[in-house]
>>> print(open('run-v4.pdb').read())   # PDB, C-alpha atoms
ATOM      1  CA  MET A   1     336.012 148.378 155.292
ATOM      2  CA  LYS A   2     335.020 148.081 151.582
ATOM      3  CA  PRO A   3     335.679 150.944 149.247
ATOM      4  CA  ALA A   4     332.713 153.132 148.218
ATOM      5  CA  CYS A   5     332.729 151.892 144.616
ATOM      6  CA  ALA A   6     332.514 148.278 145.802
ATOM      7  CA  ARG A   7     329.569 149.111 148.047
ATOM      8  CA  ARG A   8     327.746 150.831 145.157
ATOM      9  CA  SER A   9     328.271 147.801 142.868
ATOM     10  CA  TRP A  10     327.012 145.486 145.565
ATOM     11  CA  LEU A  11     323.846 147.584 146.054
ATOM     12  CA  ALA A  12     323.190 147.855 142.288
ATOM     13  CA  LYS A  13     323.001 144.086 141.725
ATOM     14  CA  PRO A  14     319.585 143.559 143.465
ATOM     15  CA  LEU A  15     318.192 146.561 141.551
ATOM     16  CA  ARG A  16     319.292 145.107 138.233
ATOM     17  CA  ARG A  17     317.813 141.765 139.188
ATOM     18  CA  ARG A  18     314.495 143.404 140.058
ATOM     19  CA  GLN A  19     314.513 145.375 136.820
ATOM     20  CA  ALA A  20     315.202 142.219 134.811
ATOM     21  CA  ALA A  21     312.418 140.370 136.632
ATOM     22  CA  GLY A  22     309.978 143.248 135.971
ATOM     23  CA  ALA A  23     310.909 143.315 132.304
ATOM     24  CA  ALA A  24     310.405 139.543 132.063
ATOM     25  CA  LEU A  25     307.020 139.810 133.761
ATOM     26  CA  LEU A  26     305.977 142.624 131.451
ATOM     27  CA  ALA A  27     307.093 140.616 128.419
ATOM     28  CA  ALA A  28     305.131 137.619 129.695
ATOM     29  CA  LEU A  29     302.002 139.727 130.164
ATOM     30  CA  LEU A  30     302.358 141.215 126.691
ATOM     31  CA  THR A  31     302.811 137.725 125.264
ATOM     32  CA  VAL A  32     299.698 136.447 127.049
ATOM     33  CA  ALA A  33     297.701 139.473 125.872
ATOM     34  CA  LEU A  34     298.904 138.959 122.311
ATOM     35  CA  VAL A  35     298.054 135.247 122.387
ATOM     36  CA  ALA A  36     294.604 136.016 123.875
ATOM     37  CA  THR A  37     293.985 138.595 121.147
ATOM     38  CA  PHE A  38     294.922 136.140 118.423
ATOM     39  CA  ALA A  39     292.796 133.421 120.052
ATOM     40  CA  ALA A  40     289.796 135.748 120.339
ATOM     41  CA  GLN A  41     290.221 136.822 116.715
ATOM     42  CA  ALA A  42     290.407 133.202 115.578
ATOM     43  CA  TYR A  43     287.359 132.299 117.682
ATOM     44  CA  TRP A  44     285.402 135.252 116.256
ATOM     45  CA  GLN A  45     286.327 134.286 112.699
ATOM     46  CA  GLN A  46     285.233 130.710 113.365
ATOM     47  CA  TRP A  47     281.960 131.855 114.990
ATOM     48  CA  ARG A  48     281.283 134.213 112.081
ATOM     49  CA  SER A  49     281.840 131.418 109.554
ATOM     50  CA  VAL A  50     279.488 129.100 111.443
ATOM     51  CA  GLU A  51     276.791 131.789 111.686
ATOM     52  CA  ILE A  52     277.044 132.619 107.982
ATOM     53  CA  GLU A  53     276.833 128.955 107.069
ATOM     54  CA  SER A  54     273.844 128.447 109.391
ATOM     55  CA  ALA A  55     272.066 131.494 107.939
ATOM     56  CA  ASP A  56     272.669 130.278 104.378
ATOM     57  CA  ARG A  57     271.434 126.813 105.290
ATOM     58  CA  ARG A  58     268.338 128.260 106.982
ATOM     59  CA  ARG A  59     267.624 130.525 104.008
ATOM     60  CA  LEU A  60     267.930 127.588 101.616
ATOM     61  CA  GLN A  61     265.642 125.449 103.775
ATOM     62  CA  LEU A  62     263.044 128.241 103.904
ATOM     63  CA  GLU A  63     263.249 128.536 100.117
ATOM     64  CA  TRP A  64     262.581 124.814  99.770
ATOM     65  CA  LEU A  65     259.645 125.037 102.162
ATOM     66  CA  GLN A  66     258.173 127.949 100.204
ATOM     67  CA  LEU A  67     258.474 125.965  96.973
ATOM     68  CA  ALA A  68     256.877 122.962  98.665
ATOM     69  CA  ALA A  69     253.945 125.116  99.846
ATOM     70  CA  LEU A  70     253.512 126.451  96.318
ATOM     71  CA  ASP A  71     253.548 122.947  94.824
ATOM     72  CA  TRP A  72     251.098 121.741  97.457
ATOM     73  CA  SER A  73     248.689 124.562  96.594
ATOM     74  CA  ARG A  74     248.979 123.773  92.894
ATOM     75  CA  ALA A  75     248.199 120.124  93.638
ATOM     76  CA  LEU A  76     245.086 121.119  95.605
ATOM     77  CA  LEU A  77     243.797 123.273  92.756
ATOM     78  CA  ARG A  78     244.656 120.636  90.174
ATOM     79  CA  ALA A  79     242.794 117.946  92.134
ATOM     80  CA  ASP A  80     239.766 120.222  92.291
ATOM     81  CA  GLY A  81     240.008 120.839  88.540
ATOM     82  CA  LEU A  82     240.170 117.114  87.828
ATOM     83  CA  ARG A  83     236.866 116.640  89.645
ATOM     84  CA  GLY A  84     235.253 118.751  86.961
ATOM     85  CA  ASN A  85     233.000 120.709  89.294
ATOM     86  CA  PRO A  86     232.408 124.135  87.676
ATOM     87  CA  ILE A  87     231.402 125.712  91.011
ATOM     88  CA  ASP A  88     234.075 127.106  93.332
ATOM     89  CA  HIS A  89     233.327 128.055  96.924
ATOM     90  CA  ALA A  90     234.955 128.458 100.348
ATOM     91  CA  ASP A  91     234.019 124.981 101.623
ATOM     92  CA  GLU A  92     236.154 123.098  99.109
ATOM     93  CA  PRO A  93     239.394 121.401 100.225
ATOM     94  CA  TRP A  94     241.646 123.937  98.485
ATOM     95  CA  ALA A  95     240.082 126.811 100.470
ATOM     96  CA  GLN A  96     240.768 125.348 103.923
ATOM     97  CA  PRO A  97     243.583 127.244 105.667
ATOM     98  CA  ALA A  98     246.601 125.619 107.276
ATOM     99  CA  ARG A  99     247.733 127.626 110.291
ATOM    100  CA  ASP A 100     251.092 126.958 111.947
ATOM    101  CA  LEU A 101     251.162 123.377 110.729
ATOM    102  CA  ALA A 102     254.141 121.542 112.247
ATOM    103  CA  LEU A 103     256.017 119.932 109.371
ATOM    104  CA  ASP A 104     257.455 117.271 111.688
ATOM    105  CA  ASP A 105     254.012 115.736 112.124
ATOM    106  CA  PHE A 106     252.915 116.453 108.568
ATOM    107  CA  LEU A 107     255.946 114.803 106.944
ATOM    108  CA  ALA A 108     256.166 111.892 109.383
ATOM    109  CA  GLY A 109     252.514 110.922 109.079
ATOM    110  CA  SER A 110     251.402 107.572 110.355
ATOM    111  CA  GLY A 111     253.749 105.442 108.282
ATOM    112  CA  SER A 112     257.135 106.964 109.027
ATOM    113  CA  GLY A 113     257.782 105.256 112.274
ATOM    114  CA  ALA A 114     256.732 105.558 115.883
ATOM    115  CA  PRO A 115     257.858 108.450 118.080
ATOM    116  CA  GLY A 116     261.516 108.031 118.972
ATOM    117  CA  SER A 117     262.351 105.929 115.920
ATOM    118  CA  PRO A 118     265.287 106.965 113.674
ATOM    119  CA  ALA A 119     262.916 107.717 110.787
ATOM    120  CA  ARG A 120     260.845 110.011 112.965
ATOM    121  CA  GLU A 121     263.868 111.716 114.541
ATOM    122  CA  ALA A 122     265.300 112.427 111.084
ATOM    123  CA  LEU A 123     262.259 114.622 110.377
ATOM    124  CA  GLN A 124     262.592 116.835 113.447
ATOM    125  CA  THR A 125     263.003 120.123 111.589
ATOM    126  CA  GLY A 126     261.101 122.440 113.927
ATOM    127  CA  ALA A 127     259.563 124.159 110.890
ATOM    128  CA  VAL A 128     255.974 125.398 110.697
ATOM    129  CA  LEU A 129     253.878 126.207 107.657
ATOM    130  CA  SER A 130     250.826 128.413 107.192
ATOM    131  CA  LEU A 131     249.009 128.888 103.917
ATOM    132  CA  GLN A 132     245.700 130.154 102.613
ATOM    133  CA  LEU A 133     244.275 129.866  99.108
ATOM    134  CA  SER A 134     241.517 132.353  98.341
ATOM    135  CA  ASP A 135     239.388 133.099  95.325
ATOM    136  CA  ALA A 136     240.785 136.133  93.518
ATOM    137  CA  GLN A 137     237.549 136.464  91.528
ATOM    138  CA  GLY A 138     235.615 137.301  94.665
ATOM    139  CA  LYS A 139     236.815 140.873  94.055
ATOM    140  CA  LEU A 140     236.366 143.478  91.332
ATOM    141  CA  ASN A 141     239.141 143.253  88.757
ATOM    142  CA  LEU A 142     240.580 146.708  88.118
ATOM    143  CA  LEU A 143     241.525 145.845  84.536
ATOM    144  CA  ASN A 144     237.853 145.123  83.764
ATOM    145  CA  LEU A 145     237.554 148.891  83.499
ATOM    146  CA  LEU A 146     239.607 148.819  80.316
ATOM    147  CA  GLU A 147     237.740 148.038  77.112
ATOM    148  CA  GLY A 148     240.288 148.552  74.399
ATOM    149  CA  GLN A 149     241.288 152.207  74.527
ATOM    150  CA  SER A 150     238.113 153.245  76.350
ATOM    151  CA  ILE A 151     236.513 152.668  79.733
ATOM    152  CA  SER A 152     233.785 150.052  80.112
ATOM    153  CA  PRO A 153     230.586 151.826  81.255
ATOM    154  CA  VAL A 154     229.262 148.634  82.871
ATOM    155  CA  TRP A 155     232.293 148.115  85.090
ATOM    156  CA  LEU A 156     232.600 151.838  85.742
ATOM    157  CA  ARG A 157     229.126 151.761  87.301
ATOM    158  CA  ALA A 158     230.235 148.830  89.465
ATOM    159  CA  PHE A 159     233.262 150.753  90.728
ATOM    160  CA  GLU A 160     231.156 153.875  91.311
ATOM    161  CA  LYS A 161     228.764 151.814  93.423
ATOM    162  CA  LEU A 162     231.665 150.296  95.379
ATOM    163  CA  PHE A 163     233.164 153.733  96.089
ATOM    164  CA  THR A 164     229.743 154.899  97.292
ATOM    165  CA  LEU A 165     229.308 151.897  99.585
ATOM    166  CA  LEU A 166     232.791 152.345 101.056
ATOM    167  CA  GLN A 167     232.267 156.119 101.353
ATOM    168  CA  LEU A 168     235.338 156.906  99.289
ATOM    169  CA  PRO A 169     235.804 160.221  97.438
ATOM    170  CA  PRO A 170     234.382 160.095  93.871
ATOM    171  CA  ALA A 171     237.167 162.440  92.749
ATOM    172  CA  GLN A 172     239.723 159.711  93.428
ATOM    173  CA  LEU A 173     237.773 157.291  91.221
ATOM    174  CA  ALA A 174     237.744 159.883  88.438
ATOM    175  CA  SER A 175     241.511 160.288  88.786
ATOM    176  CA  LEU A 176     241.932 156.513  88.828
ATOM    177  CA  VAL A 177     239.944 156.083  85.610
ATOM    178  CA  GLN A 178     241.718 158.918  83.813
ATOM    179  CA  ASN A 179     245.201 157.716  84.736
ATOM    180  CA  LEU A 180     244.306 154.089  84.009
ATOM    181  CA  ARG A 181     243.254 155.022  80.500
ATOM    182  CA  ALA A 182     246.472 157.028  80.025
ATOM    183  CA  ALA A 183     248.578 154.117  81.284
ATOM    184  CA  SER A 184     246.793 151.716  78.932
ATOM    185  CA  ALA A 185     247.324 154.048  75.969
ATOM    186  CA  ARG A 186     250.999 154.330  76.818
ATOM    187  CA  LEU A 187     251.278 150.552  76.953
ATOM    188  CA  GLU A 188     249.531 150.107  73.599
ATOM    189  CA  ALA A 189     251.654 152.739  71.845
ATOM    190  CA  PRO A 190     254.903 153.156  73.784
ATOM    191  CA  GLY A 191     256.529 155.290  71.089
ATOM    192  CA  ALA A 192     253.732 157.837  70.815
ATOM    193  CA  ASP A 193     254.152 161.257  72.382
ATOM    194  CA  ARG A 194     251.335 161.296  74.942
ATOM    195  CA  GLY A 195     253.018 163.404  77.587
ATOM    196  CA  PRO A 196     253.667 162.145  81.113
ATOM    197  CA  ALA A 197     251.610 159.050  81.885
ATOM    198  CA  PRO A 198     251.811 156.567  84.782
ATOM    199  CA  LEU A 199     252.781 152.950  84.380
ATOM    200  CA  LEU A 200     250.067 150.328  84.439
ATOM    201  CA  PRO A 201     250.026 148.956  88.013
ATOM    202  CA  GLN A 202     250.718 145.302  88.660
ATOM    203  CA  GLN A 203     249.755 145.165  92.350
ATOM    204  CA  MET A 204     247.405 146.992  94.658
ATOM    205  CA  ALA A 205     250.044 149.103  96.396
ATOM    206  CA  GLN A 206     250.886 150.667  93.041
ATOM    207  CA  LEU A 207     247.414 152.206  92.690
ATOM    208  CA  VAL A 208     248.858 155.340  94.253
ATOM    209  CA  TRP A 209     250.408 155.882  90.807
ATOM    210  CA  LEU A 210     246.872 156.419  89.491
ATOM    211  CA  GLY A 211     245.945 159.066  92.026
ATOM    212  CA  LEU A 212     244.555 157.067  94.938
ATOM    213  CA  GLU A 213     245.481 157.861  98.520
ATOM    214  CA  PRO A 214     247.197 155.081 100.556
ATOM    215  CA  ALA A 215     244.192 154.991 102.921
ATOM    216  CA  THR A 216     241.873 154.456  99.941
ATOM    217  CA  VAL A 217     244.067 151.646  98.610
ATOM    218  CA  ALA A 218     243.994 149.972 102.039
ATOM    219  CA  LEU A 219     240.166 150.047 102.075
ATOM    220  CA  LEU A 220     239.926 148.740  98.513
ATOM    221  CA  ALA A 221     242.348 145.849  99.104
ATOM    222  CA  SER A 222     239.576 143.569 100.396
ATOM    223  CA  HIS A 223     237.275 144.281  97.443
ATOM    224  CA  VAL A 224     239.493 145.028  94.429
ATOM    225  CA  THR A 225     242.275 143.088  92.747
ATOM    226  CA  ILE A 226     244.441 143.327  89.639
ATOM    227  CA  LEU A 227     244.281 140.265  87.396
ATOM    228  CA  PRO A 228     246.069 139.824  84.061
ATOM    229  CA  ALA A 229     242.842 139.301  82.102
ATOM    230  CA  ARG A 230     239.215 140.390  82.269
ATOM    231  CA  SER A 231     237.320 138.244  84.762
ATOM    232  CA  SER A 232     233.870 137.801  86.214
ATOM    233  CA  VAL A 233     232.929 138.033  89.895
ATOM    234  CA  ASN A 234     232.324 134.719  91.641
ATOM    235  CA  LEU A 235     229.061 135.098  93.570
ATOM    236  CA  ASN A 236     230.121 132.303  95.940
ATOM    237  CA  SER A 237     233.095 134.267  97.276
ATOM    238  CA  ALA A 238     232.233 137.948  96.765
ATOM    239  CA  SER A 239     231.783 140.221  99.768
ATOM    240  CA  VAL A 240     228.542 142.082 100.498
ATOM    241  CA  GLN A 241     229.929 145.291  98.999
ATOM    242  CA  VAL A 242     231.127 143.551  95.826
ATOM    243  CA  LEU A 243     227.779 141.794  95.410
ATOM    244  CA  GLN A 244     225.959 145.117  95.610
ATOM    245  CA  ALA A 245     228.457 146.760  93.271
ATOM    246  CA  VAL A 246     228.259 144.155  90.526
ATOM    247  CA  TRP A 247     224.516 143.417  90.790
ATOM    248  CA  PRO A 248     222.392 146.469  89.917
ATOM    249  CA  GLY A 249     219.600 147.166  92.380
ATOM    250  CA  LEU A 250     220.735 144.555  94.919
ATOM    251  CA  THR A 251     219.965 145.899  98.392
ATOM    252  CA  ARG A 252     222.016 145.287 101.518
ATOM    253  CA  THR A 253     219.289 143.001 102.877
ATOM    254  CA  GLU A 254     219.306 140.904  99.717
ATOM    255  CA  ALA A 255     223.106 140.733  99.732
ATOM    256  CA  ASP A 256     223.080 139.599 103.375
ATOM    257  CA  ARG A 257     220.555 136.929 102.420
ATOM    258  CA  VAL A 258     222.925 135.638  99.729
ATOM    259  CA  LEU A 259     225.739 135.396 102.262
ATOM    260  CA  ALA A 260     223.484 133.590 104.736
ATOM    261  CA  LEU A 261     222.456 131.170 102.001
ATOM    262  CA  ARG A 262     226.101 130.494 101.179
ATOM    263  CA  GLN A 263     226.764 129.495 104.779
ATOM    264  CA  PHE A 264     224.512 126.448 104.361
ATOM    265  CA  ARG A 265     225.046 125.638 100.697
ATOM    266  CA  PRO A 266     227.038 127.341  97.944
ATOM    267  CA  LEU A 267     225.044 128.857  95.118
ATOM    268  CA  GLN A 268     224.377 126.352  92.357
ATOM    269  CA  ALA A 269     222.822 128.814  89.913
ATOM    270  CA  ILE A 270     223.024 132.568  89.423
ATOM    271  CA  SER A 271     219.239 132.756  89.570
ATOM    272  CA  GLU A 272     219.368 131.789  93.268
ATOM    273  CA  VAL A 273     220.338 135.373  94.072
ATOM    274  CA  GLY A 274     216.679 136.125  93.406
ATOM    275  CA  ALA A 275     217.110 139.837  92.689
ATOM    276  CA  SER A 276     215.867 141.557  89.557
ATOM    277  CA  ALA A 277     218.014 143.372  86.968
ATOM    278  CA  ALA A 278     220.620 140.626  86.816
ATOM    279  CA  PRO A 279     224.038 141.614  85.422
ATOM    280  CA  GLY A 280     225.417 140.236  82.200
ATOM    281  CA  GLU A 281     226.872 136.738  81.957
ATOM    282  CA  ALA A 282     230.398 138.143  81.626
ATOM    283  CA  GLN A 283     230.074 140.013  84.936
ATOM    284  CA  VAL A 284     229.151 137.224  87.353
ATOM    285  CA  SER A 285     229.831 133.501  87.598
ATOM    286  CA  LEU A 286     229.991 130.640  90.082
ATOM    287  CA  GLY A 287     233.475 129.421  89.162
ATOM    288  CA  SER A 288     236.956 130.911  89.109
ATOM    289  CA  ARG A 289     240.212 130.766  87.189
ATOM    290  CA  PHE A 290     242.409 132.965  89.394
ATOM    291  CA  PHE A 291     243.422 132.251  92.982
ATOM    292  CA  GLU A 292     245.527 134.167  95.483
ATOM    293  CA  LEU A 293     247.959 132.308  97.735
ATOM    294  CA  HIS A 294     249.521 133.530 100.979
ATOM    295  CA  THR A 295     252.191 131.338 102.575
ATOM    296  CA  GLU A 296     254.349 131.693 105.667
ATOM    297  CA  VAL A 297     257.085 129.327 106.756
ATOM    298  CA  GLY A 298     259.016 129.511 109.993
ATOM    299  CA  LEU A 299     262.243 127.841 110.993
ATOM    300  CA  GLY A 300     263.354 128.691 114.496
ATOM    301  CA  PRO A 301     263.207 132.462 115.016
ATOM    302  CA  VAL A 302     263.148 133.169 111.260
ATOM    303  CA  ARG A 303     259.834 133.569 109.411
ATOM    304  CA  THR A 304     259.239 134.418 105.747
ATOM    305  CA  ALA A 305     256.064 135.079 103.785
ATOM    306  CA  ARG A 306     255.076 135.221 100.142
ATOM    307  CA  ASN A 307     252.045 136.048  98.046
ATOM    308  CA  ALA A 308     251.342 134.382  94.706
ATOM    309  CA  LEU A 309     248.729 134.429  91.957
ATOM    310  CA  LEU A 310     247.742 131.140  90.338
ATOM    311  CA  GLN A 311     245.682 130.554  87.208
ATOM    312  CA  ARG A 312     243.771 127.318  86.713
ATOM    313  CA  ASP A 313     242.364 126.145  83.393
ATOM    314  CA  GLY A 314     240.907 122.693  83.901
ATOM    315  CA  ALA A 315     243.684 120.586  85.404
ATOM    316  CA  ASP A 316     246.426 122.987  84.275
ATOM    317  CA  VAL A 317     247.572 125.267  87.118
ATOM    318  CA  ARG A 318     250.111 127.989  86.334
ATOM    319  CA  ILE A 319     251.992 130.387  88.601
ATOM    320  CA  LEU A 320     251.592 133.925  87.289
ATOM    321  CA  TRP A 321     253.764 135.671  89.861
ATOM    322  CA  VAL A 322     255.308 135.231  93.317
ATOM    323  CA  ARG A 323     256.195 138.213  95.526
ATOM    324  CA  PRO A 324     257.650 138.624  99.012
ATOM    325  CA  ALA A 325     255.178 139.610 101.729
ATOM    326  CA  LEU A 326     255.347 140.790 105.303
ATOM    327  CA  ALA A 327     255.586 137.965 107.812
ATOM    328  CA  SER A 328     253.772 138.223 111.092
ATOM    329  CA  GLY A 329     255.653 137.971 114.360
ATOM    330  CA  THR A 330     253.968 134.991 115.978
ATOM    331  CA  SER A 331     251.062 133.860 113.829
ATOM    332  CA  PRO A 332     250.437 134.277 110.104
ATOM    333  CA  ALA A 333     248.269 137.142 108.959
ATOM    334  CA  LEU A 334     246.050 135.029 106.741
ATOM    335  CA  PRO A 335     243.148 136.464 104.781
ATOM    336  CA  ALA A 336     239.746 135.877 106.362
ATOM    337  CA  ARG A 337     237.339 133.525 104.669
ATOM    338  CA  PRO A 338     234.569 135.298 102.749
TER     339      PRO A 338
END
>>> encode(input="run-v4.pdb", output="structure tokens")
Amino acid sequence: MKPACARRSWLAKPLRRRQAAGAALLAALLTVALVATFAAQAYWQQWRSVEIESADRRRLQLEWLQLAALDWSRALLRADGLRGNPIDHADEPWAQPARDLALDDFLAGSGSGAPGSPAREALQTGAVLSLQLSDAQGKLNLLNLLEGQSISPVWLRAFEKLFTLLQLPPAQLASLVQNLRAASARLEAPGADRGPAPLLPQQMAQLVWLGLEPATVALLASHVTILPARSSVNLNSASVQVLQAVWPGLTRTEADRVLALRQFRPLQAISEVGASAAPGEAQVSLGSRFFELHTEVGLGPVRTARNALLQRDGADVRILWVRPALASGTSPALPARP
């Protein structure tokens, strides 16, 4: 019979083997977990780099498309200026909207190869473009109110009539005029001590600086604009309310008649309005120098929008400003034709 110490040593060997096997298994599991963690981290870093690169590439492509839309709009206005027609209206080529135009078809055209050809497949971008050029002089220009350091009584009457037609509070117009004059005086003499005065607004949303309520600004957006120079109202693109505001004594029936006449043929002479008490030559016209542009480009799920103001003098078309705008979810929120 074996001694007790020998029996204990014999029984301890399987236990040590099991402990060693468990430790090896635990080490293997820890190694696998560590390798999986490193692999996941590496994969995430690689995925992040690819996503950042794709986003940068998409942003750059959208920027190019926005510039292309801007150049296209300038070309349309320049071609119209080269024709020398002094009358601008909503039936001209530059005023026709492009809504969700697929750039694959637009760029390929009829001469870039048949469907399935390498030339055609190289143009499969999946991008869409929407743009709308509109006549900015179909609205009342806010800066027409300024006549040096004073307020123009002629244009003040036009704005008073517009506020009446839109049922807006006259007190807000009074605040607008007062603050506009103060902002103009501050701009003319920046070093003078004139007390607190608002900045001169550059876009419609900033009219709240001059005392208008946001709801009032929203209602005025379709009838009022801010242009960098005094401008007349184009009778071929003005709304009914603007026509009544700028033309003294023009009734709603007569304004509706002008719009109905424009549906068949744009006005060729100011006298075709047919109403008495015609405004001055500087107030109304049939041509325009300033045009508003709204563009939206989409590339996959990403969609961007911009607004711009263009000035045309003959065949020279300049970009006055370009600003980001809100993009619609599925279809572009383009301005309605007058």
>>> resolve_selection(input="run-v4.pdb", expression="the PyMOL selection byres ((chain A and resi 138) around 10)", output="PyMOL selection string")
chain A and resi 89+134-137+139-141+222-225+232-239+242-243+284-288+290-291+338
>>> write_last_selection(input="run-v4.pdb", atoms="C-alpha atoms", output="PDB file, in the coordinates of the input")
ATOM      1  CA  HIS A  89     233.327 128.055  96.924  1.00  0.00           C
ATOM      2  CA  SER A 134     241.517 132.353  98.341  1.00  0.00           C
ATOM      3  CA  ASP A 135     239.388 133.099  95.325  1.00  0.00           C
ATOM      4  CA  ALA A 136     240.785 136.133  93.518  1.00  0.00           C
ATOM      5  CA  GLN A 137     237.549 136.464  91.528  1.00  0.00           C
ATOM      6  CA  LYS A 139     236.815 140.873  94.055  1.00  0.00           C
ATOM      7  CA  LEU A 140     236.366 143.478  91.332  1.00  0.00           C
ATOM      8  CA  ASN A 141     239.141 143.253  88.757  1.00  0.00           C
ATOM      9  CA  SER A 222     239.576 143.569 100.396  1.00  0.00           C
ATOM     10  CA  HIS A 223     237.275 144.281  97.443  1.00  0.00           C
ATOM     11  CA  VAL A 224     239.493 145.028  94.429  1.00  0.00           C
ATOM     12  CA  THR A 225     242.275 143.088  92.747  1.00  0.00           C
ATOM     13  CA  SER A 232     233.870 137.801  86.214  1.00  0.00           C
ATOM     14  CA  VAL A 233     232.929 138.033  89.895  1.00  0.00           C
ATOM     15  CA  ASN A 234     232.324 134.719  91.641  1.00  0.00           C
ATOM     16  CA  LEU A 235     229.061 135.098  93.570  1.00  0.00           C
ATOM     17  CA  ASN A 236     230.121 132.303  95.940  1.00  0.00           C
ATOM     18  CA  SER A 237     233.095 134.267  97.276  1.00  0.00           C
ATOM     19  CA  ALA A 238     232.233 137.948  96.765  1.00  0.00           C
ATOM     20  CA  SER A 239     231.783 140.221  99.768  1.00  0.00           C
ATOM     21  CA  VAL A 242     231.127 143.551  95.826  1.00  0.00           C
ATOM     22  CA  LEU A 243     227.779 141.794  95.410  1.00  0.00           C
ATOM     23  CA  VAL A 284     229.151 137.224  87.353  1.00  0.00           C
ATOM     24  CA  SER A 285     229.831 133.501  87.598  1.00  0.00           C
ATOM     25  CA  LEU A 286     229.991 130.640  90.082  1.00  0.00           C
ATOM     26  CA  GLY A 287     233.475 129.421  89.162  1.00  0.00           C
ATOM     27  CA  SER A 288     236.956 130.911  89.109  1.00  0.00           C
ATOM     28  CA  PHE A 290     242.409 132.965  89.394  1.00  0.00           C
ATOM     29  CA  PHE A 291     243.422 132.251  92.982  1.00  0.00           C
ATOM     30  CA  PRO A 338     234.569 135.298 102.749  1.00  0.00           C
TER      31      PRO A 338
END
>>> closest_residue(input="run-v4.pdb", among="A:Asn179, A:Ser73, A:Glu296, A:Leu162", to="Ser150 (chain A)", atoms="all atoms listed in the file")
A:Asn179
>>> resolve_selection(input="run-v4.pdb", expression="the PyMOL selection byres ((chain A and resi 303-317) around 7)", output="VMD selection string")
chain A and resid 74 78 81 to 82 289 to 299 301 to 302 318 to 327
>>> closest_residue(input="run-v4.pdb", among="A:Ala21, A:Leu168, A:Ala28, A:Ala182", to="Leu219 (chain A)", atoms="only C-alpha atoms")
A:Leu168
>>> residues_around(input="run-v4.pdb", residues="Glu213 (chain A)", least_positions_apart="6", cutoff="12 Å", atoms="only C-alpha atoms", output="list in words")
Leu168, Pro169, Ala171, Gln172, Leu173, Ser175, Leu176, Met204, Ala205, Gln206, Leu207, Leu219 and Leu220 of chain A
>>> atom_distance(input="run-v4.pdb", atom1="CA of Pro198 (chain A)", atom2="CA of Leu210 (chain A)")
6.8 Å
>>> atom_distance(input="run-v4.pdb", atom1="CA of Ala218 (chain A)", atom2="CA of Gln132 (chain A)")
19.9 Å
>>> atom_distance(input="run-v4.pdb", atom1="CA of Arg230 (chain A)", atom2="CA of Pro93 (chain A)")
26.1 Å
>>> closest_residue(input="run-v4.pdb", among="A:Pro266, A:Pro214, A:Pro228, A:Pro86", to="Pro201 (chain A)", atoms="all atoms listed in the file")
A:Pro228
>>> resolve_selection(input="run-v4.pdb", expression="the PyMOL selection byres ((chain A and resi 56-61) around 10)", output="list in words")
Val50, Glu51, Ile52, Glu53, Ser54, Ala55, Leu62, Glu63, Trp64, Leu65, Gln66, Leu67, Thr125, Ala127, Val297, Gly298, Leu299, Gly300, Val302, Arg303 and Thr304 of chain A
